[in-house]
Amino acid sequence: MLRYRSGLIDKVNPVLRNYKFTRSLSSVPNFTPAGKLKAVQLNKHALNAKYAVRGSIPTKAEELRAKLKSPAGKELPFKQIINANIGNPQQLDQKPLTFYRQVLSILQYPELIEKKELGKLFPKDVVERAKILVENTGSVGAYSHSQGVPYIRKSIAEFISKRDGYKAHADDIFLTTGASTAVSYLLSLLSNGKSTGFMIPIPQYPLYTATLAIQNAPVIPYYLNEQENWSVNPKELGKLCKENEKAGIDIRALVVITPGNPTGSVLKQEVIEEILEVAAEYGLVVIADEVYQENIFKGEFVSFKKTLRSLQERFPGKFDNVQLASLHSTSKGVSGECGQRGGYMEIIGFEEEVRQQILKLASISLCPVVTGQALVQLMVNPPQPGSESYELDQKERSAIHNSLKDKATELYKAFNEMEGVECQLPEGSMYCFPKISIPQKAIKIAQELGIEADEFYCHELLMSTGICAVPGSGFGQVPGTYHVRTTFLAPGNQWIYDWQKFHNKFMEKYRE
Ligand SMILES: Cc1ncc(COP(=O)(O)O)c(C=O)c1O
């Protein structure tokens, strides 16, 4: 029988008060407990999704990192794990831009604005910017408009108008929680069962195939041309559209990543124009993933939006049916603020009723992270010449950009010096995707182990050097070829020399 402290009994629900408690806690329940859920009972489409960037090799790397901290770590032939598997700059000691963090710190604690000492701590333009953001955004702890703070959308539209020389509109901008959310909204809305397909570049960033696997929507792969620095072959796109049309597949969208992940290639304007011609002919939505637009080391970034507007101007009426979603993020560029989850997409050419559905999806998630939205505002509107923060900001940006560029060149050279390795020049982004001629003997061992040969290579690389890279099979590649994707973010050069040494030994060991 339960006992109540005197007085408390009157506050208890009268139904409960009159209930006779016949079972004491120590009595044995007379049912057989049911089993727990097994993975096989889960959504099979989610089970089919694969994401190599955090797959088996990175998982092993985490185990080794933990081992390094224990006495058993002394047995390992390396002292640290080099995370070359993911474009996560601040995990690899890239410093955040001072201006961003100063403004954000005031947004987190706006009472600072009233403090006299603030003027000594932060430059004037930081305080001014924070004030404007607080005025327009309110508390970063409150939900914002589901499409994003109107003021920030306006800043983004101004940035795009300036970048492209064609007017952009705040109504076309959706702030998102990183670019990943934009991908998820678009793919889940556009896919409608097995008969709706999506053209995805191969190799690709596996967010796309993973999201489509969850949607159970067919992936129509198009292969990038490695010999032409991983460019797109628009003729192949047209051919695939025809073939799939005949097979009754309604191709809904074409995904293009420029600058490329994992390839590091930057698409030229002529190629973008031809891609848009295919989109216009077949009525495709183009998803232009342009999150690396600031990471350009050779040539220039040309946006899909600019190219589309230019085609629409030159050929009135011919490109009006093209629906374009272009994606950007604060995770990349020189910002590298992956953990803050800032991003946006600009959607143009969509029917209003489709736009409303995108807004509905955004509303279901309430709103994108508000500090992430503020970061987007800072990204698209950095300190201007003459402002107090300008000089330091420029210095920090150049240092990050130059370090990425130098590392890209260093890696490119190192790979091309290695036996049986061919690497295209990374023109942008944060990645190299060298092709590796893995000896037959190693391929055979991998087959016996039931893994891909490039996974075997990455496993051996990790176990010998602590370098964590991702097998090309996780991104897709021409069958029978093997690649490895590495970021060029890890500090120092020693790991590059270690990789070369490992490679020589690997080739020596498995040579016929
Ligand atoms: C090509 C590409 N698109 C989108 C993303 C997702 O970025 P986020 O969601 O952090 O903005 C990444 C992340 O690495 C990427 O490489």
# chains A, B, ... in the order shown; residues from 1 in each chain; ligands from 1
call {"tool": "residues_around", "arguments": {"residues": "range 485-491 of chain A", "least_positions_apart": "3", "cutoff": "10 Å", "atoms": "only C-alpha atoms", "output": "PyMOL selection string"}}
result
chain A and resi 53+82-94+261-264+400+403-412+426+429-435+458+467-475+494-496
call {"tool": "closest_residue", "arguments": {"among": "A:Gly55, A:Pro259, A:Gly492, A:Pro234", "to": "ligand 1", "atoms": "only C-alpha atoms and all ligand atoms"}}
result
A:Pro259
call {"tool": "atom_distance", "arguments": {"atom1": "CA of Ile251 in chain A", "atom2": "CA of Leu189 in chain A"}}
result
13.5 Å
call {"tool": "residues_around", "arguments": {"residues": "Pro382 in chain A", "least_positions_apart": "5", "cutoff": "10 Å", "atoms": "only C-alpha atoms", "output": "JSON list (two decimals) with all heavy atoms, in the first residue's frame"}}
result
[["chain", "number", "residue", "atom", "x", "y", "z"],
["A", 99, "PHE", "N", 35.96, 38.29, -37.02],
["A", 99, "PHE", "CA", 34.76, 39.14, -37.16],
["A", 99, "PHE", "C", 33.48, 38.33, -36.90],
["A", 99, "PHE", "O", 32.59, 38.76, -36.16],
["A", 99, "PHE", "CB", 34.75, 39.74, -38.57],
["A", 99, "PHE", "CG", 33.57, 40.62, -38.85],
["A", 99, "PHE", "CD1", 33.50, 41.90, -38.31],
["A", 99, "PHE", "CD2", 32.52, 40.18, -39.65],
["A", 99, "PHE", "CE1", 32.39, 42.72, -38.57],
["A", 99, "PHE", "CE2", 31.42, 41.00, -39.91],
["A", 99, "PHE", "CZ", 31.37, 42.27, -39.37],
["A", 100, "TYR", "N", 33.43, 37.15, -37.47],
["A", 100, "TYR", "CA", 32.23, 36.30, -37.29],
["A", 100, "TYR", "C", 31.97, 36.03, -35.81],
["A", 100, "TYR", "O", 30.87, 36.17, -35.30],
["A", 100, "TYR", "CB", 32.42, 34.93, -37.95],
["A", 100, "TYR", "CG", 32.36, 34.87, -39.45],
["A", 100, "TYR", "CD1", 32.27, 36.01, -40.23],
["A", 100, "TYR", "CD2", 32.38, 33.64, -40.09],
["A", 100, "TYR", "CE1", 32.22, 35.93, -41.61],
["A", 100, "TYR", "CE2", 32.33, 33.54, -41.46],
["A", 100, "TYR", "CZ", 32.26, 34.68, -42.21],
["A", 100, "TYR", "OH", 32.20, 34.59, -43.57],
["A", 376, "VAL", "N", 25.35, 33.36, -42.03],
["A", 376, "VAL", "CA", 25.19, 33.53, -43.48],
["A", 376, "VAL", "C", 25.23, 35.03, -43.81],
["A", 376, "VAL", "O", 25.88, 35.46, -44.77],
["A", 376, "VAL", "CB", 23.86, 32.90, -43.98],
["A", 376, "VAL", "CG1", 23.64, 33.23, -45.45],
["A", 376, "VAL", "CG2", 23.85, 31.39, -43.78],
["A", 377, "GLN", "N", 24.57, 35.84, -42.97],
["A", 377, "GLN", "CA", 24.57, 37.28, -43.22],
["A", 377, "GLN", "C", 26.00, 37.82, -43.20],
["A", 377, "GLN", "O", 26.38, 38.65, -44.01],
["A", 377, "GLN", "CB", 23.70, 38.00, -42.17],
["A", 377, "GLN", "CG", 23.14, 39.34, -42.64],
["A", 377, "GLN", "CD", 24.13, 40.50, -42.50],
["A", 377, "GLN", "OE1", 25.06, 40.46, -41.72],
["A", 377, "GLN", "NE2", 23.91, 41.55, -43.29],
["A", 389, "SER", "N", 37.38, 46.40, -38.89],
["A", 389, "SER", "CA", 37.72, 44.97, -38.92],
["A", 389, "SER", "C", 38.34, 44.52, -40.24],
["A", 389, "SER", "O", 38.81, 43.39, -40.36],
["A", 389, "SER", "CB", 36.46, 44.12, -38.70],
["A", 389, "SER", "OG", 35.89, 44.43, -37.47],
["A", 390, "TYR", "N", 38.30, 45.40, -41.24],
["A", 390, "TYR", "CA", 38.61, 44.97, -42.60],
["A", 390, "TYR", "C", 40.00, 44.32, -42.74],
["A", 390, "TYR", "O", 40.13, 43.23, -43.28],
["A", 390, "TYR", "CB", 38.48, 46.16, -43.56],
["A", 390, "TYR", "CG", 38.78, 45.80, -44.99],
["A", 390, "TYR", "CD1", 37.89, 45.03, -45.72],
["A", 390, "TYR", "CD2", 39.96, 46.21, -45.61],
["A", 390, "TYR", "CE1", 38.15, 44.70, -47.04],
["A", 390, "TYR", "CE2", 40.24, 45.88, -46.92],
["A", 390, "TYR", "CZ", 39.33, 45.12, -47.64],
["A", 390, "TYR", "OH", 39.60, 44.78, -48.93],
["A", 393, "ASP", "N", 40.39, 40.94, -41.06],
["A", 393, "ASP", "CA", 39.53, 39.98, -41.75],
["A", 393, "ASP", "C", 40.18, 39.53, -43.07],
["A", 393, "ASP", "O", 40.23, 38.33, -43.38],
["A", 393, "ASP", "CB", 38.17, 40.63, -42.01],
["A", 393, "ASP", "CG", 37.15, 39.63, -42.49],
["A", 393, "ASP", "OD1", 36.83, 38.70, -41.72],
["A", 393, "ASP", "OD2", 36.67, 39.76, -43.64],
["A", 394, "GLN", "N", 40.71, 40.49, -43.82],
["A", 394, "GLN", "CA", 41.37, 40.16, -45.09],
["A", 394, "GLN", "C", 42.57, 39.26, -44.86],
["A", 394, "GLN", "O", 42.80, 38.30, -45.60],
["A", 394, "GLN", "CB", 41.83, 41.45, -45.79],
["A", 394, "GLN", "CG", 40.71, 42.21, -46.43],
["A", 394, "GLN", "CD", 40.05, 41.43, -47.56],
["A", 394, "GLN", "OE1", 40.71, 41.01, -48.50],
["A", 394, "GLN", "NE2", 38.76, 41.20, -47.46]]
call {"tool": "residues_around", "arguments": {"residues": "Phe122 in chain A", "least_positions_apart": "2", "cutoff": "12 Å", "atoms": "only C-alpha atoms", "output": "PyMOL selection string"}}
result
chain A and resi 98-106+112-113+115-120+124-130+388-389
call {"tool": "write_last_selection", "arguments": {"atoms": "N, CA, C and O atoms", "output": "compact mmCIF listing (two decimals), in the first residue's frame"}}
result
# COMPACT_ATOMS: atom_id res chain seq x y z
N THR A 98 37.71 36.06 -37.03
CA THR A 98 37.48 36.84 -35.81
C THR A 98 36.18 37.63 -35.88
O THR A 98 35.39 37.64 -34.93
N PHE A 99 35.96 38.29 -37.02
CA PHE A 99 34.76 39.14 -37.16
C PHE A 99 33.48 38.33 -36.90
O PHE A 99 32.59 38.76 -36.16
N TYR A 100 33.43 37.15 -37.47
CA TYR A 100 32.23 36.30 -37.29
C TYR A 100 31.97 36.03 -35.81
O TYR A 100 30.87 36.17 -35.30
N ARG A 101 33.05 35.59 -35.15
CA ARG A 101 32.85 35.15 -33.76
C ARG A 101 32.58 36.32 -32.83
O ARG A 101 31.86 36.18 -31.84
N GLN A 102 33.17 37.48 -33.14
CA GLN A 102 32.89 38.65 -32.29
C GLN A 102 31.41 39.03 -32.39
O GLN A 102 30.74 39.23 -31.38
N VAL A 103 30.91 39.09 -33.62
CA VAL A 103 29.49 39.46 -33.79
C VAL A 103 28.61 38.41 -33.12
O VAL A 103 27.68 38.73 -32.37
N LEU A 104 28.94 37.13 -33.38
CA LEU A 104 28.10 36.06 -32.80
C LEU A 104 28.09 36.11 -31.28
O LEU A 104 27.06 35.84 -30.66
N SER A 105 29.23 36.46 -30.69
CA SER A 105 29.27 36.46 -29.23
C SER A 105 28.32 37.53 -28.67
O SER A 105 27.69 37.32 -27.64
N ILE A 106 28.19 38.64 -29.37
CA ILE A 106 27.23 39.66 -28.91
C ILE A 106 25.79 39.16 -29.13
O ILE A 106 24.92 39.39 -28.29
N LEU A 112 25.56 42.69 -23.72
CA LEU A 112 26.89 43.29 -23.91
C LEU A 112 26.80 44.66 -24.59
O LEU A 112 27.63 45.54 -24.35
N ILE A 113 25.80 44.81 -25.43
CA ILE A 113 25.67 46.07 -26.19
C ILE A 113 25.60 47.27 -25.24
O ILE A 113 26.11 48.34 -25.55
N LYS A 115 27.07 47.49 -22.34
CA LYS A 115 28.26 47.63 -21.48
C LYS A 115 29.27 48.60 -22.08
O LYS A 115 29.60 48.50 -23.27
N LYS A 116 29.77 49.49 -21.22
CA LYS A 116 30.75 50.50 -21.68
C LYS A 116 32.02 49.83 -22.20
O LYS A 116 32.62 50.27 -23.16
N GLU A 117 32.41 48.72 -21.53
CA GLU A 117 33.68 48.06 -21.87
C GLU A 117 33.67 47.46 -23.27
O GLU A 117 34.71 47.13 -23.84
N LEU A 118 32.49 47.28 -23.86
CA LEU A 118 32.41 46.60 -25.16
C LEU A 118 33.26 47.30 -26.22
O LEU A 118 33.92 46.65 -27.04
N GLY A 119 33.26 48.64 -26.16
CA GLY A 119 34.03 49.43 -27.12
C GLY A 119 35.52 49.11 -27.05
O GLY A 119 36.22 49.26 -28.05
N LYS A 120 35.99 48.69 -25.86
CA LYS A 120 37.42 48.36 -25.74
C LYS A 120 37.70 46.96 -26.26
O LYS A 120 38.78 46.62 -26.71
N LYS A 124 34.37 48.89 -33.68
CA LYS A 124 33.08 49.58 -33.80
C LYS A 124 32.14 48.87 -34.79
O LYS A 124 30.94 48.73 -34.54
N ASP A 125 32.70 48.42 -35.92
CA ASP A 125 31.82 47.81 -36.94
C ASP A 125 31.22 46.49 -36.47
O ASP A 125 30.13 46.09 -36.91
N VAL A 126 31.93 45.82 -35.54
CA VAL A 126 31.39 44.57 -34.97
C VAL A 126 30.13 44.90 -34.16
O VAL A 126 29.08 44.27 -34.33
N VAL A 127 30.26 45.94 -33.32
CA VAL A 127 29.13 46.30 -32.46
C VAL A 127 27.96 46.78 -33.32
O VAL A 127 26.81 46.40 -33.10
N GLU A 128 28.29 47.58 -34.34
CA GLU A 128 27.24 48.09 -35.24
C GLU A 128 26.49 46.93 -35.90
O GLU A 128 25.27 46.89 -35.94
N ARG A 129 27.28 45.96 -36.42
CA ARG A 129 26.65 44.83 -37.12
C ARG A 129 25.78 44.01 -36.16
O ARG A 129 24.67 43.61 -36.50
N ALA A 130 26.31 43.81 -34.95
CA ALA A 130 25.55 43.02 -33.98
C ALA A 130 24.23 43.73 -33.66
O ALA A 130 23.18 43.09 -33.58
N GLU A 388 36.80 49.08 -39.39
CA GLU A 388 37.87 48.75 -38.44
C GLU A 388 38.32 47.28 -38.56
O GLU A 388 39.48 46.96 -38.35
N SER A 389 37.38 46.40 -38.89
CA SER A 389 37.72 44.97 -38.92
C SER A 389 38.34 44.52 -40.24
O SER A 389 38.81 43.39 -40.36
call {"tool": "atom_distance", "arguments": {"atom1": "CA of Ala182 in chain A", "atom2": "CA of Gln269 in chain A"}}
result
24.2 Å
call {"tool": "atom_distance", "arguments": {"atom1": "CA of Val285 in chain A", "atom2": "CA of Ser146 in chain A"}}
result
22.8 Å
call {"tool": "decode", "arguments": {"residues": "range 191-282 of chain A", "atoms": "C-alpha atoms", "output": "PDB file, in the first residue's frame"}}
result
ATOM      1  CA  SER A 191      10.835  12.329 -55.717  1.00  0.00           C
ATOM      2  CA  ASN A 192       7.579  10.550 -56.174  1.00  0.00           C
ATOM      3  CA  GLY A 193       8.256   6.836 -56.181  1.00  0.00           C
ATOM      4  CA  LYS A 194      10.193   4.463 -58.387  1.00  0.00           C
ATOM      5  CA  SER A 195       9.257   6.151 -61.655  1.00  0.00           C
ATOM      6  CA  THR A 196      10.906   9.476 -60.784  1.00  0.00           C
ATOM      7  CA  GLY A 197      14.667   9.538 -61.291  1.00  0.00           C
ATOM      8  CA  PHE A 198      17.513  11.863 -60.331  1.00  0.00           C
ATOM      9  CA  MET A 199      20.670  12.385 -62.338  1.00  0.00           C
ATOM     10  CA  ILE A 200      23.618  12.337 -59.986  1.00  0.00           C
ATOM     11  CA  PRO A 201      27.271  12.863 -60.937  1.00  0.00           C
ATOM     12  CA  ILE A 202      29.612   9.972 -60.339  1.00  0.00           C
ATOM     13  CA  PRO A 203      31.750  10.436 -58.333  1.00  0.00           C
ATOM     14  CA  GLN A 204      29.432  12.463 -56.060  1.00  0.00           C
ATOM     15  CA  TYR A 205      29.140  13.685 -52.511  1.00  0.00           C
ATOM     16  CA  PRO A 206      27.234  10.743 -50.949  1.00  0.00           C
ATOM     17  CA  LEU A 207      24.602  12.943 -49.304  1.00  0.00           C
ATOM     18  CA  TYR A 208      22.765  12.692 -52.637  1.00  0.00           C
ATOM     19  CA  THR A 209      22.667   8.929 -53.064  1.00  0.00           C
ATOM     20  CA  ALA A 210      22.020   8.451 -49.338  1.00  0.00           C
ATOM     21  CA  THR A 211      19.029  10.836 -49.382  1.00  0.00           C
ATOM     22  CA  LEU A 212      17.647   9.224 -52.535  1.00  0.00           C
ATOM     23  CA  ALA A 213      18.050   5.777 -50.983  1.00  0.00           C
ATOM     24  CA  ILE A 214      15.883   6.930 -48.058  1.00  0.00           C
ATOM     25  CA  GLN A 215      13.331   8.300 -50.543  1.00  0.00           C
ATOM     26  CA  ASN A 216      13.521   5.019 -52.491  1.00  0.00           C
ATOM     27  CA  ALA A 217      13.986   7.054 -55.673  1.00  0.00           C
ATOM     28  CA  PRO A 218      16.152   5.786 -58.532  1.00  0.00           C
ATOM     29  CA  VAL A 219      19.597   7.299 -59.024  1.00  0.00           C
ATOM     30  CA  ILE A 220      20.544   7.817 -62.650  1.00  0.00           C
ATOM     31  CA  PRO A 221      24.319   8.103 -62.545  1.00  0.00           C
ATOM     32  CA  TYR A 222      26.201  10.219 -65.049  1.00  0.00           C
ATOM     33  CA  TYR A 223      29.944   9.787 -65.113  1.00  0.00           C
ATOM     34  CA  LEU A 224      32.268  12.762 -64.862  1.00  0.00           C
ATOM     35  CA  ASN A 225      35.130  12.766 -67.334  1.00  0.00           C
ATOM     36  CA  GLU A 226      38.320  12.159 -65.353  1.00  0.00           C
ATOM     37  CA  GLN A 227      40.620  12.860 -68.313  1.00  0.00           C
ATOM     38  CA  GLU A 228      39.041  16.304 -68.684  1.00  0.00           C
ATOM     39  CA  ASN A 229      39.556  17.171 -65.067  1.00  0.00           C
ATOM     40  CA  TRP A 230      36.269  15.628 -64.036  1.00  0.00           C
ATOM     41  CA  SER A 231      34.137  17.833 -66.239  1.00  0.00           C
ATOM     42  CA  VAL A 232      30.526  17.023 -67.168  1.00  0.00           C
ATOM     43  CA  ASN A 233      29.766  15.661 -70.614  1.00  0.00           C
ATOM     44  CA  PRO A 234      26.420  17.334 -71.498  1.00  0.00           C
ATOM     45  CA  LYS A 235      25.971  14.973 -74.498  1.00  0.00           C
ATOM     46  CA  GLU A 236      25.901  12.063 -72.079  1.00  0.00           C
ATOM     47  CA  LEU A 237      23.217  13.848 -70.049  1.00  0.00           C
ATOM     48  CA  GLY A 238      21.033  14.239 -73.135  1.00  0.00           C
ATOM     49  CA  LYS A 239      21.511  10.571 -74.034  1.00  0.00           C
ATOM     50  CA  LEU A 240      20.549   9.453 -70.533  1.00  0.00           C
ATOM     51  CA  CYS A 241      17.445  11.635 -70.612  1.00  0.00           C
ATOM     52  CA  LYS A 242      16.332  10.034 -73.897  1.00  0.00           C
ATOM     53  CA  GLU A 243      16.988   6.489 -72.686  1.00  0.00           C
ATOM     54  CA  ASN A 244      15.160   7.022 -69.415  1.00  0.00           C
ATOM     55  CA  GLU A 245      12.248   8.756 -71.088  1.00  0.00           C
ATOM     56  CA  LYS A 246      11.847   5.648 -73.273  1.00  0.00           C
ATOM     57  CA  ALA A 247      12.041   3.428 -70.172  1.00  0.00           C
ATOM     58  CA  GLY A 248       9.191   5.412 -68.573  1.00  0.00           C
ATOM     59  CA  ILE A 249      11.355   7.141 -65.952  1.00  0.00           C
ATOM     60  CA  ASP A 250      10.408  10.732 -65.312  1.00  0.00           C
ATOM     61  CA  ILE A 251      13.728  12.454 -64.595  1.00  0.00           C
ATOM     62  CA  ARG A 252      12.942  15.132 -62.088  1.00  0.00           C
ATOM     63  CA  ALA A 253      16.262  16.724 -61.360  1.00  0.00           C
ATOM     64  CA  LEU A 254      19.875  16.946 -62.314  1.00  0.00           C
ATOM     65  CA  VAL A 255      22.427  17.492 -59.557  1.00  0.00           C
ATOM     66  CA  VAL A 256      25.635  19.348 -60.354  1.00  0.00           C
ATOM     67  CA  ILE A 257      28.390  20.049 -57.843  1.00  0.00           C
ATOM     68  CA  THR A 258      30.766  22.881 -58.721  1.00  0.00           C
ATOM     69  CA  PRO A 259      33.444  23.254 -57.422  1.00  0.00           C
ATOM     70  CA  GLY A 260      33.325  19.504 -57.113  1.00  0.00           C
ATOM     71  CA  ASN A 261      33.347  17.179 -54.175  1.00  0.00           C
ATOM     72  CA  PRO A 262      35.189  14.785 -54.339  1.00  0.00           C
ATOM     73  CA  THR A 263      36.798  15.907 -57.597  1.00  0.00           C
ATOM     74  CA  GLY A 264      38.023  19.475 -56.999  1.00  0.00           C
ATOM     75  CA  SER A 265      36.957  20.461 -60.524  1.00  0.00           C
ATOM     76  CA  VAL A 266      35.306  23.778 -61.440  1.00  0.00           C
ATOM     77  CA  LEU A 267      32.814  23.793 -64.317  1.00  0.00           C
ATOM     78  CA  LYS A 268      33.395  26.213 -67.176  1.00  0.00           C
ATOM     79  CA  GLN A 269      30.669  28.552 -68.395  1.00  0.00           C
ATOM     80  CA  GLU A 270      30.330  26.755 -71.786  1.00  0.00           C
ATOM     81  CA  VAL A 271      29.723  23.450 -70.010  1.00  0.00           C
ATOM     82  CA  ILE A 272      27.170  25.028 -67.658  1.00  0.00           C
ATOM     83  CA  GLU A 273      25.373  26.477 -70.687  1.00  0.00           C
ATOM     84  CA  GLU A 274      25.167  23.055 -72.327  1.00  0.00           C
ATOM     85  CA  ILE A 275      23.901  21.502 -69.095  1.00  0.00           C
ATOM     86  CA  LEU A 276      21.180  24.152 -68.925  1.00  0.00           C
ATOM     87  CA  GLU A 277      20.239  23.379 -72.541  1.00  0.00           C
ATOM     88  CA  VAL A 278      19.608  19.767 -71.548  1.00  0.00           C
ATOM     89  CA  ALA A 279      17.605  20.965 -68.534  1.00  0.00           C
ATOM     90  CA  ALA A 280      15.480  23.199 -70.772  1.00  0.00           C
ATOM     91  CA  GLU A 281      14.922  20.488 -73.382  1.00  0.00           C
ATOM     92  CA  TYR A 282      13.830  17.863 -70.862  1.00  0.00           C
TER      93      TYR A 282
END
